[in-house]
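First comes the structure, then the notes that go with it.
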Amino acid sequence: MIDYKLHIPGPVNVSEETYHAMCTPVMGHRSTDFVDLYQSCQPNLQKLFQTKDPVFLSTSSAWGVMEGALRNLCRKKVLCCMCGAFSDKWIDVAKRAGLQADPLQVEWGQHIDPDDLKTQLASGDYDVVTLVHNETSCGMMNPLKEIMDVLREFPDVISIIDTVSSFSVVPIPKDDWGIDVILTGSQKALAMPPGLALFTVSARAFQRAEQTEGRGYYFDFLEFRSNHAKGMTPSTPVIPLIHALNYTLNKIFSEGVENRHQRHSRLNQLVHKWAEGHGFELLPQQQFASKSLTCLKNNLHIDLAGFVKTLRESKKIAIDGGYGKIKGKTFRVSNMGDETDKSIGHLLSSMDEVLEQFLPA
Ligand SMILES: *Cc1c(COP(=O)(O)O)cnc(C)c1O
């Protein structure tokens with residue numbers, strides 16, 4: 001049993017109420033009860049995704065849809081915007097799926113420059129772009145609006161946007177910005193257990209999928225669409241998580257989406273102030289810093305592994321000691337999901353107390 005609270009940037013802490021919502025008897029996934037559950041989520045999902053397109057539920061983690069979207073949409077070549085661990089891995093996934101893929105690579109923590117994207121797309125080589133909106137590994141949020149301004153100039157290029165750690169944290173007006181595919185997962189900003197991915201597909205992306213061979217079965221967008229019309233998923237879904245989703249959506253709309261965005265922004269600022277107070281620097285530039293988590297450089301050269309371990313053991317709080325190649329050089333603190341002023345206040349005062357022991361005397 002874990003006896004500590006998760007403040008790592010995913011999976012994040014799940015509330016008792018959310019667990020409780022999952023403890024509902026299993027039903028047949030072709031029953032009217034299931035159709036009722038599925039369809040009752042739809043209006044809220046479409047509102048939250050800011051789209052008129054259908055929102056699909058995939059029993060997989062986000063990577064399933066990240067790979068599946070490429071198999072559905074890429075006929076020519078994909079351009080992978082790369083700025084951290086998740087976006088870097090996406091090109092590897094594309095190649096393993098047998099697709100031609102090129103990088104648009106920047107240093108970890110840097111953002112994707114819309115002008116660079118425009119230059120590369122002008123070659124006419126690409127029919128798909130992948131972008132991670134919020135690079136969770138670096139705590140960096142890409143300028144999605146400006147990037148979409150560029151992408152709309154290339155009507156043959158389909159956009160696949162990973163919003164795993166930014167969905168419901170900041171506004172992402174899908175239809176207004178002309179995003180083709182947005183995908184997210186259950187265990188990050190939505191604060192549910194892992195196992196469910198959510199995604200939505202534009203009409204022109206469907207047209208592309210219809211012409212694309214090798215879509216496979218499990219992630220075939222056309223299967224999702226035809227089942228959706230009946231209020232169902234292609235195969236047996238993770239029904240407990242759909243109950244949790246229904247509960248979570250109602251909770252989000254009773255808080256109010258704008259209030260939710262403001263709460264995340266305010267809590268994120270509290271973490272930034274804490275960092276500033278101690279002299280820790282953000283990894284990304286301030287203006288591209290994520291609102292869902294904070295990635296800090298270990299510029300004070302503390303024993304980071306010791307700090308993380310002591311915080312977990314003595315304060316029962318888990319933060320992250322850095323991801324992939326920046327492990328030990330950075331640390332990350334999440335303010336996603338159900339966090340409050342009180343819970344973030346407790347996190348920061350606990351970090352204060354433990355940090356004392358790790359600063360030079
Ligand atoms: C966590 C994460 C993923 C991977 O999600 P899985 O659920 O492990 O498939 C992808 N992209 C981003 C930005 C993430 O934070």
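Chain lettering (A, B, ...) mirrors the order of the structure tokens, residue numbering begins at 1 for each chain separately, and ligand numbering begins at 1 in order of display.
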Legend entry - Selection: 7 Å around Asn13 of chain A, only C-alpha atoms, excl. self and same-chain fewer than 3 positions, as a list in words: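 Answer for this query is Lys5, Leu6 and Ala191 of chain A.
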Can I get the selected residues back with C-alpha atoms, as a PDB file, in the first residue's frame?
```
ATOM      1  CA  LYS A   5       0.164  11.540  -1.560  1.00  0.00           C
ATOM      2  CA  LEU A   6       1.058  11.872  -5.230  1.00  0.00           C
ATOM      3  CA  ALA A 191      -7.281  13.068 -11.857  1.00  0.00           C
TER       4      ALA A 191
END
```
Legend entry - Close residues, Cys80 of chain A itself excluded, 6 Å, only C-alpha atoms, min 4 positions apart in chain, as a list in words: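 Selected residues are Ile91, Pro103, Leu104, Val129 and Thr130 of chain A.
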Give the residue list for ligand 1 at 9 Å, counting only C-alpha atoms and all ligand atoms, as a PDB file with N, CA, C and O atoms, in the first residue's frame, sorted by chain and then by residue number.
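File result-v6.pdb, as written:
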```
ATOM      1  N   PRO A   9       3.884  14.524 -11.583  1.00  0.00           N
ATOM      2  CA  PRO A   9       3.006  14.970 -12.687  1.00  0.00           C
ATOM      3  C   PRO A   9       2.400  13.806 -13.460  1.00  0.00           C
ATOM      4  O   PRO A   9       2.498  13.725 -14.676  1.00  0.00           O
ATOM      5  N   GLY A  10       1.837  12.924 -12.753  1.00  0.00           N
ATOM      6  CA  GLY A  10       1.048  11.865 -13.333  1.00  0.00           C
ATOM      7  C   GLY A  10       1.688  10.501 -13.172  1.00  0.00           C
ATOM      8  O   GLY A  10       2.886  10.389 -13.351  1.00  0.00           O
ATOM      9  N   PRO A  11       0.844   9.493 -12.780  1.00  0.00           N
ATOM     10  CA  PRO A  11      -0.542   9.680 -12.357  1.00  0.00           C
ATOM     11  C   PRO A  11      -0.624  10.615 -11.161  1.00  0.00           C
ATOM     12  O   PRO A  11       0.299  10.658 -10.352  1.00  0.00           O
ATOM     13  N   SER A  60      -7.312   2.333 -23.181  1.00  0.00           N
ATOM     14  CA  SER A  60      -5.870   2.236 -23.403  1.00  0.00           C
ATOM     15  C   SER A  60      -5.284   3.424 -22.678  1.00  0.00           C
ATOM     16  O   SER A  60      -6.007   4.302 -22.235  1.00  0.00           O
ATOM     17  N   SER A  61      -3.985   3.459 -22.607  1.00  0.00           N
ATOM     18  CA  SER A  61      -3.393   4.708 -22.150  1.00  0.00           C
ATOM     19  C   SER A  61      -3.287   5.632 -23.360  1.00  0.00           C
ATOM     20  O   SER A  61      -3.639   5.252 -24.487  1.00  0.00           O
ATOM     21  N   ALA A  62      -2.796   6.843 -23.149  1.00  0.00           N
ATOM     22  CA  ALA A  62      -2.729   7.830 -24.232  1.00  0.00           C
ATOM     23  C   ALA A  62      -1.903   7.331 -25.416  1.00  0.00           C
ATOM     24  O   ALA A  62      -2.236   7.595 -26.574  1.00  0.00           O
ATOM     25  N   TRP A  63      -0.850   6.599 -25.128  1.00  0.00           N
ATOM     26  CA  TRP A  63       0.027   6.136 -26.213  1.00  0.00           C
ATOM     27  C   TRP A  63      -0.711   5.315 -27.259  1.00  0.00           C
ATOM     28  O   TRP A  63      -0.352   5.332 -28.429  1.00  0.00           O
ATOM     29  N   GLY A  64      -1.714   4.595 -26.834  1.00  0.00           N
ATOM     30  CA  GLY A  64      -2.493   3.823 -27.797  1.00  0.00           C
ATOM     31  C   GLY A  64      -3.055   4.736 -28.869  1.00  0.00           C
ATOM     32  O   GLY A  64      -2.936   4.464 -30.075  1.00  0.00           O
ATOM     33  N   VAL A  65      -3.644   5.848 -28.451  1.00  0.00           N
ATOM     34  CA  VAL A  65      -4.247   6.782 -29.401  1.00  0.00           C
ATOM     35  C   VAL A  65      -3.152   7.568 -30.143  1.00  0.00           C
ATOM     36  O   VAL A  65      -3.304   7.912 -31.314  1.00  0.00           O
ATOM     37  N   MET A  66      -2.031   7.821 -29.467  1.00  0.00           N
ATOM     38  CA  MET A  66      -0.930   8.552 -30.124  1.00  0.00           C
ATOM     39  C   MET A  66      -0.381   7.743 -31.301  1.00  0.00           C
ATOM     40  O   MET A  66      -0.082   8.277 -32.362  1.00  0.00           O
ATOM     41  N   ALA A  85      10.611  14.526 -23.436  1.00  0.00           N
ATOM     42  CA  ALA A  85      10.598  13.059 -23.479  1.00  0.00           C
ATOM     43  C   ALA A  85       9.412  12.493 -24.264  1.00  0.00           C
ATOM     44  O   ALA A  85       9.572  11.556 -25.045  1.00  0.00           O
ATOM     45  N   PHE A  86       8.219  13.051 -24.055  1.00  0.00           N
ATOM     46  CA  PHE A  86       7.043  12.461 -24.702  1.00  0.00           C
ATOM     47  C   PHE A  86       7.033  12.764 -26.196  1.00  0.00           C
ATOM     48  O   PHE A  86       6.776  11.888 -27.020  1.00  0.00           O
ATOM     49  N   SER A  87       7.339  14.008 -26.535  1.00  0.00           N
ATOM     50  CA  SER A  87       7.338  14.368 -27.956  1.00  0.00           C
ATOM     51  C   SER A  87       8.498  13.694 -28.685  1.00  0.00           C
ATOM     52  O   SER A  87       8.371  13.326 -29.853  1.00  0.00           O
ATOM     53  N   TRP A  90       7.530  10.164 -29.626  1.00  0.00           N
ATOM     54  CA  TRP A  90       6.481  10.019 -30.647  1.00  0.00           C
ATOM     55  C   TRP A  90       7.073   9.697 -32.021  1.00  0.00           C
ATOM     56  O   TRP A  90       6.512   8.952 -32.811  1.00  0.00           O
ATOM     57  N   VAL A 132       3.121  17.847 -28.796  1.00  0.00           N
ATOM     58  CA  VAL A 132       2.727  17.711 -27.395  1.00  0.00           C
ATOM     59  C   VAL A 132       2.508  19.128 -26.864  1.00  0.00           C
ATOM     60  O   VAL A 132       3.450  19.927 -26.834  1.00  0.00           O
ATOM     61  N   HIS A 133       1.274  19.430 -26.501  1.00  0.00           N
ATOM     62  CA  HIS A 133       0.962  20.788 -26.047  1.00  0.00           C
ATOM     63  C   HIS A 133       1.756  21.138 -24.794  1.00  0.00           C
ATOM     64  O   HIS A 133       2.458  22.138 -24.748  1.00  0.00           O
ATOM     65  N   ASN A 134       1.618  20.271 -23.798  1.00  0.00           N
ATOM     66  CA  ASN A 134       2.291  20.524 -22.515  1.00  0.00           C
ATOM     67  C   ASN A 134       3.327  19.417 -22.304  1.00  0.00           C
ATOM     68  O   ASN A 134       2.945  18.280 -22.023  1.00  0.00           O
ATOM     69  N   GLU A 135       4.603  19.740 -22.509  1.00  0.00           N
ATOM     70  CA  GLU A 135       5.642  18.713 -22.350  1.00  0.00           C
ATOM     71  C   GLU A 135       5.837  18.450 -20.858  1.00  0.00           C
ATOM     72  O   GLU A 135       6.527  19.199 -20.168  1.00  0.00           O
ATOM     73  N   THR A 136       5.211  17.393 -20.388  1.00  0.00           N
ATOM     74  CA  THR A 136       5.202  17.085 -18.961  1.00  0.00           C
ATOM     75  C   THR A 136       6.621  16.852 -18.427  1.00  0.00           C
ATOM     76  O   THR A 136       6.912  17.160 -17.274  1.00  0.00           O
ATOM     77  N   SER A 137       7.496  16.329 -19.264  1.00  0.00           N
ATOM     78  CA  SER A 137       8.856  16.029 -18.798  1.00  0.00           C
ATOM     79  C   SER A 137       9.637  17.303 -18.464  1.00  0.00           C
ATOM     80  O   SER A 137      10.567  17.245 -17.661  1.00  0.00           O
ATOM     81  N   ASP A 162      -1.341  16.266 -28.531  1.00  0.00           N
ATOM     82  CA  ASP A 162      -1.371  15.591 -27.229  1.00  0.00           C
ATOM     83  C   ASP A 162      -1.608  16.656 -26.161  1.00  0.00           C
ATOM     84  O   ASP A 162      -0.808  17.587 -26.023  1.00  0.00           O
ATOM     85  N   THR A 163      -2.742  16.532 -25.457  1.00  0.00           N
ATOM     86  CA  THR A 163      -3.022  17.458 -24.355  1.00  0.00           C
ATOM     87  C   THR A 163      -3.136  16.681 -23.044  1.00  0.00           C
ATOM     88  O   THR A 163      -3.914  17.048 -22.160  1.00  0.00           O
ATOM     89  N   VAL A 164      -2.333  15.618 -22.939  1.00  0.00           N
ATOM     90  CA  VAL A 164      -2.476  14.716 -21.788  1.00  0.00           C
ATOM     91  C   VAL A 164      -2.387  15.476 -20.462  1.00  0.00           C
ATOM     92  O   VAL A 164      -3.173  15.218 -19.551  1.00  0.00           O
ATOM     93  N   SER A 165      -1.449  16.411 -20.352  1.00  0.00           N
ATOM     94  CA  SER A 165      -1.299  17.094 -19.061  1.00  0.00           C
ATOM     95  C   SER A 165      -1.760  18.554 -19.101  1.00  0.00           C
ATOM     96  O   SER A 165      -1.450  19.323 -18.191  1.00  0.00           O
ATOM     97  N   SER A 166      -2.503  18.928 -20.135  1.00  0.00           N
ATOM     98  CA  SER A 166      -3.024  20.309 -20.162  1.00  0.00           C
ATOM     99  C   SER A 166      -4.535  20.360 -20.334  1.00  0.00           C
ATOM    100  O   SER A 166      -5.146  21.409 -20.103  1.00  0.00           O
ATOM    101  N   THR A 184      -6.234  12.963 -24.894  1.00  0.00           N
ATOM    102  CA  THR A 184      -5.768  13.090 -23.516  1.00  0.00           C
ATOM    103  C   THR A 184      -5.953  11.758 -22.790  1.00  0.00           C
ATOM    104  O   THR A 184      -6.499  10.812 -23.358  1.00  0.00           O
ATOM    105  N   GLY A 185      -5.471  11.694 -21.571  1.00  0.00           N
ATOM    106  CA  GLY A 185      -5.568  10.463 -20.786  1.00  0.00           C
ATOM    107  C   GLY A 185      -6.224  10.739 -19.448  1.00  0.00           C
ATOM    108  O   GLY A 185      -6.361  11.887 -19.035  1.00  0.00           O
ATOM    109  N   SER A 186      -6.628   9.668 -18.777  1.00  0.00           N
ATOM    110  CA  SER A 186      -7.416   9.826 -17.556  1.00  0.00           C
ATOM    111  C   SER A 186      -6.595  10.203 -16.325  1.00  0.00           C
ATOM    112  O   SER A 186      -7.122  10.813 -15.395  1.00  0.00           O
ATOM    113  N   GLN A 187      -5.315   9.841 -16.306  1.00  0.00           N
ATOM    114  CA  GLN A 187      -4.577   9.865 -15.026  1.00  0.00           C
ATOM    115  C   GLN A 187      -3.787  11.135 -14.758  1.00  0.00           C
ATOM    116  O   GLN A 187      -3.054  11.209 -13.786  1.00  0.00           O
ATOM    117  N   LYS A 188      -3.926  12.117 -15.637  1.00  0.00           N
ATOM    118  CA  LYS A 188      -3.160  13.349 -15.395  1.00  0.00           C
ATOM    119  C   LYS A 188      -4.128  14.451 -14.970  1.00  0.00           C
ATOM    120  O   LYS A 188      -4.672  14.389 -13.895  1.00  0.00           O
ATOM    121  N   PRO A 194      -5.417   5.504 -14.137  1.00  0.00           N
ATOM    122  CA  PRO A 194      -5.018   5.297 -15.529  1.00  0.00           C
ATOM    123  C   PRO A 194      -5.881   4.247 -16.234  1.00  0.00           C
ATOM    124  O   PRO A 194      -6.528   3.434 -15.579  1.00  0.00           O
ATOM    125  N   GLY A 195      -5.886   4.289 -17.560  1.00  0.00           N
ATOM    126  CA  GLY A 195      -6.531   3.230 -18.331  1.00  0.00           C
ATOM    127  C   GLY A 195      -7.529   3.692 -19.367  1.00  0.00           C
ATOM    128  O   GLY A 195      -8.027   2.887 -20.157  1.00  0.00           O
ATOM    129  N   LEU A 196      -7.843   4.989 -19.370  1.00  0.00           N
ATOM    130  CA  LEU A 196      -8.802   5.502 -20.336  1.00  0.00           C
ATOM    131  C   LEU A 196      -8.148   6.659 -21.100  1.00  0.00           C
ATOM    132  O   LEU A 196      -7.546   7.533 -20.497  1.00  0.00           O
ATOM    133  N   ALA A 197      -8.266   6.620 -22.427  1.00  0.00           N
ATOM    134  CA  ALA A 197      -7.829   7.760 -23.234  1.00  0.00           C
ATOM    135  C   ALA A 197      -9.060   8.365 -23.887  1.00  0.00           C
ATOM    136  O   ALA A 197     -10.029   7.659 -24.185  1.00  0.00           O
TER     137      ALA A 197
END
```
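For Trp274 of chain A, the non-local neighbours within 9 Å, defined as residues at least 5 positions apart in the same chain or in other chains and counting only C-alpha atoms, are Gln269, Gly279, Phe280, Leu348 and Asp352 of chain A.
Nearest-residue note for Asn246 of chain A: choosing from A:Val333, A:Met1, A:Ile302, A:Cys41, the minimum distance belongs to A:Cys41, counting only C-alpha atoms.
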Legend entry - Residue list (alpha helix (DSSP H), DSSP) for segment 112-330 of chain A, as a ChimeraX atom specification: /A:114-121,144-151,174-177,203-211,221-228,239-255,257-278,304-315
Inset, instruction - Write out as a ChimeraX atom specification each polymer residue whose atoms come within 12 Å of Lys95 of chain A, counting only C-alpha atoms; drop sequence neighbours fewer than 6 positions from it. - result: /A:67,70-71,74,77-80,88-89,101-103
With only C-alpha atoms as the counted atoms, please give the residues lying no more than 12 Å from Pro43 of chain A, apart from itself and same-chain residues fewer than 4 positions off, as an mmCIF file with N, CA and C atoms, in the first residue's frame.
```cif
data_model
loop_
_atom_site.group_PDB
_atom_site.id
_atom_site.type_symbol
_atom_site.label_atom_id
_atom_site.label_comp_id
_atom_site.auth_asym_id
_atom_site.auth_seq_id
_atom_site.Cartn_x
_atom_site.Cartn_y
_atom_site.Cartn_z
ATOM 1 N N LEU A 37 -25.068 5.631 -20.043
ATOM 2 C CA LEU A 37 -23.864 6.176 -19.405
ATOM 3 C C LEU A 37 -22.998 6.883 -20.446
ATOM 4 N N TYR A 38 -22.767 6.199 -21.561
ATOM 5 C CA TYR A 38 -21.909 6.746 -22.624
ATOM 6 C C TYR A 38 -22.487 8.067 -23.126
ATOM 7 N N GLN A 39 -23.776 8.038 -23.404
ATOM 8 C CA GLN A 39 -24.375 9.233 -23.996
ATOM 9 C C GLN A 39 -24.514 10.372 -23.000
ATOM 10 N N LYS A 47 -18.445 19.861 -24.683
ATOM 11 C CA LYS A 47 -18.255 21.204 -24.131
ATOM 12 C C LYS A 47 -16.805 21.395 -23.675
ATOM 13 N N LEU A 48 -16.299 20.388 -22.987
ATOM 14 C CA LEU A 48 -14.949 20.493 -22.438
ATOM 15 C C LEU A 48 -13.891 20.488 -23.546
ATOM 16 N N PHE A 49 -14.123 19.709 -24.594
ATOM 17 C CA PHE A 49 -13.203 19.697 -25.743
ATOM 18 C C PHE A 49 -13.460 20.886 -26.678
ATOM 19 N N GLN A 50 -14.504 21.659 -26.373
ATOM 20 C CA GLN A 50 -14.886 22.809 -27.209
ATOM 21 C C GLN A 50 -15.007 22.411 -28.676
ATOM 22 N N THR A 51 -15.828 21.383 -28.892
ATOM 23 C CA THR A 51 -15.979 20.856 -30.240
ATOM 24 C C THR A 51 -17.383 20.345 -30.494
ATOM 25 N N LYS A 52 -17.746 20.324 -31.776
ATOM 26 C CA LYS A 52 -18.983 19.681 -32.188
ATOM 27 C C LYS A 52 -18.697 18.257 -32.653
ATOM 28 N N ASP A 53 -17.431 17.910 -32.787
ATOM 29 C CA ASP A 53 -17.063 16.551 -33.215
ATOM 30 C C ASP A 53 -17.338 15.563 -32.085
ATOM 31 N N PRO A 54 -17.542 14.302 -32.445
ATOM 32 C CA PRO A 54 -17.728 13.304 -31.388
ATOM 33 C C PRO A 54 -16.467 13.123 -30.550
ATOM 34 N N VAL A 55 -16.649 12.825 -29.268
ATOM 35 C CA VAL A 55 -15.509 12.531 -28.391
ATOM 36 C C VAL A 55 -15.523 11.035 -28.090
ATOM 37 N N ASN A 246 -17.823 10.181 -15.805
ATOM 38 C CA ASN A 246 -19.117 10.847 -15.680
ATOM 39 C C ASN A 246 -19.149 11.697 -14.405
ATOM 40 N N LEU A 249 -16.758 14.742 -14.860
ATOM 41 C CA LEU A 249 -17.325 15.786 -15.732
ATOM 42 C C LEU A 249 -18.345 16.623 -14.971
ATOM 43 N N ASN A 250 -19.203 15.938 -14.212
ATOM 44 C CA ASN A 250 -20.198 16.691 -13.435
ATOM 45 C C ASN A 250 -19.515 17.613 -12.431
ATOM 46 N N PHE A 253 -18.059 20.668 -14.213
ATOM 47 C CA PHE A 253 -19.043 21.678 -14.590
ATOM 48 C C PHE A 253 -19.727 22.301 -13.380
#
```
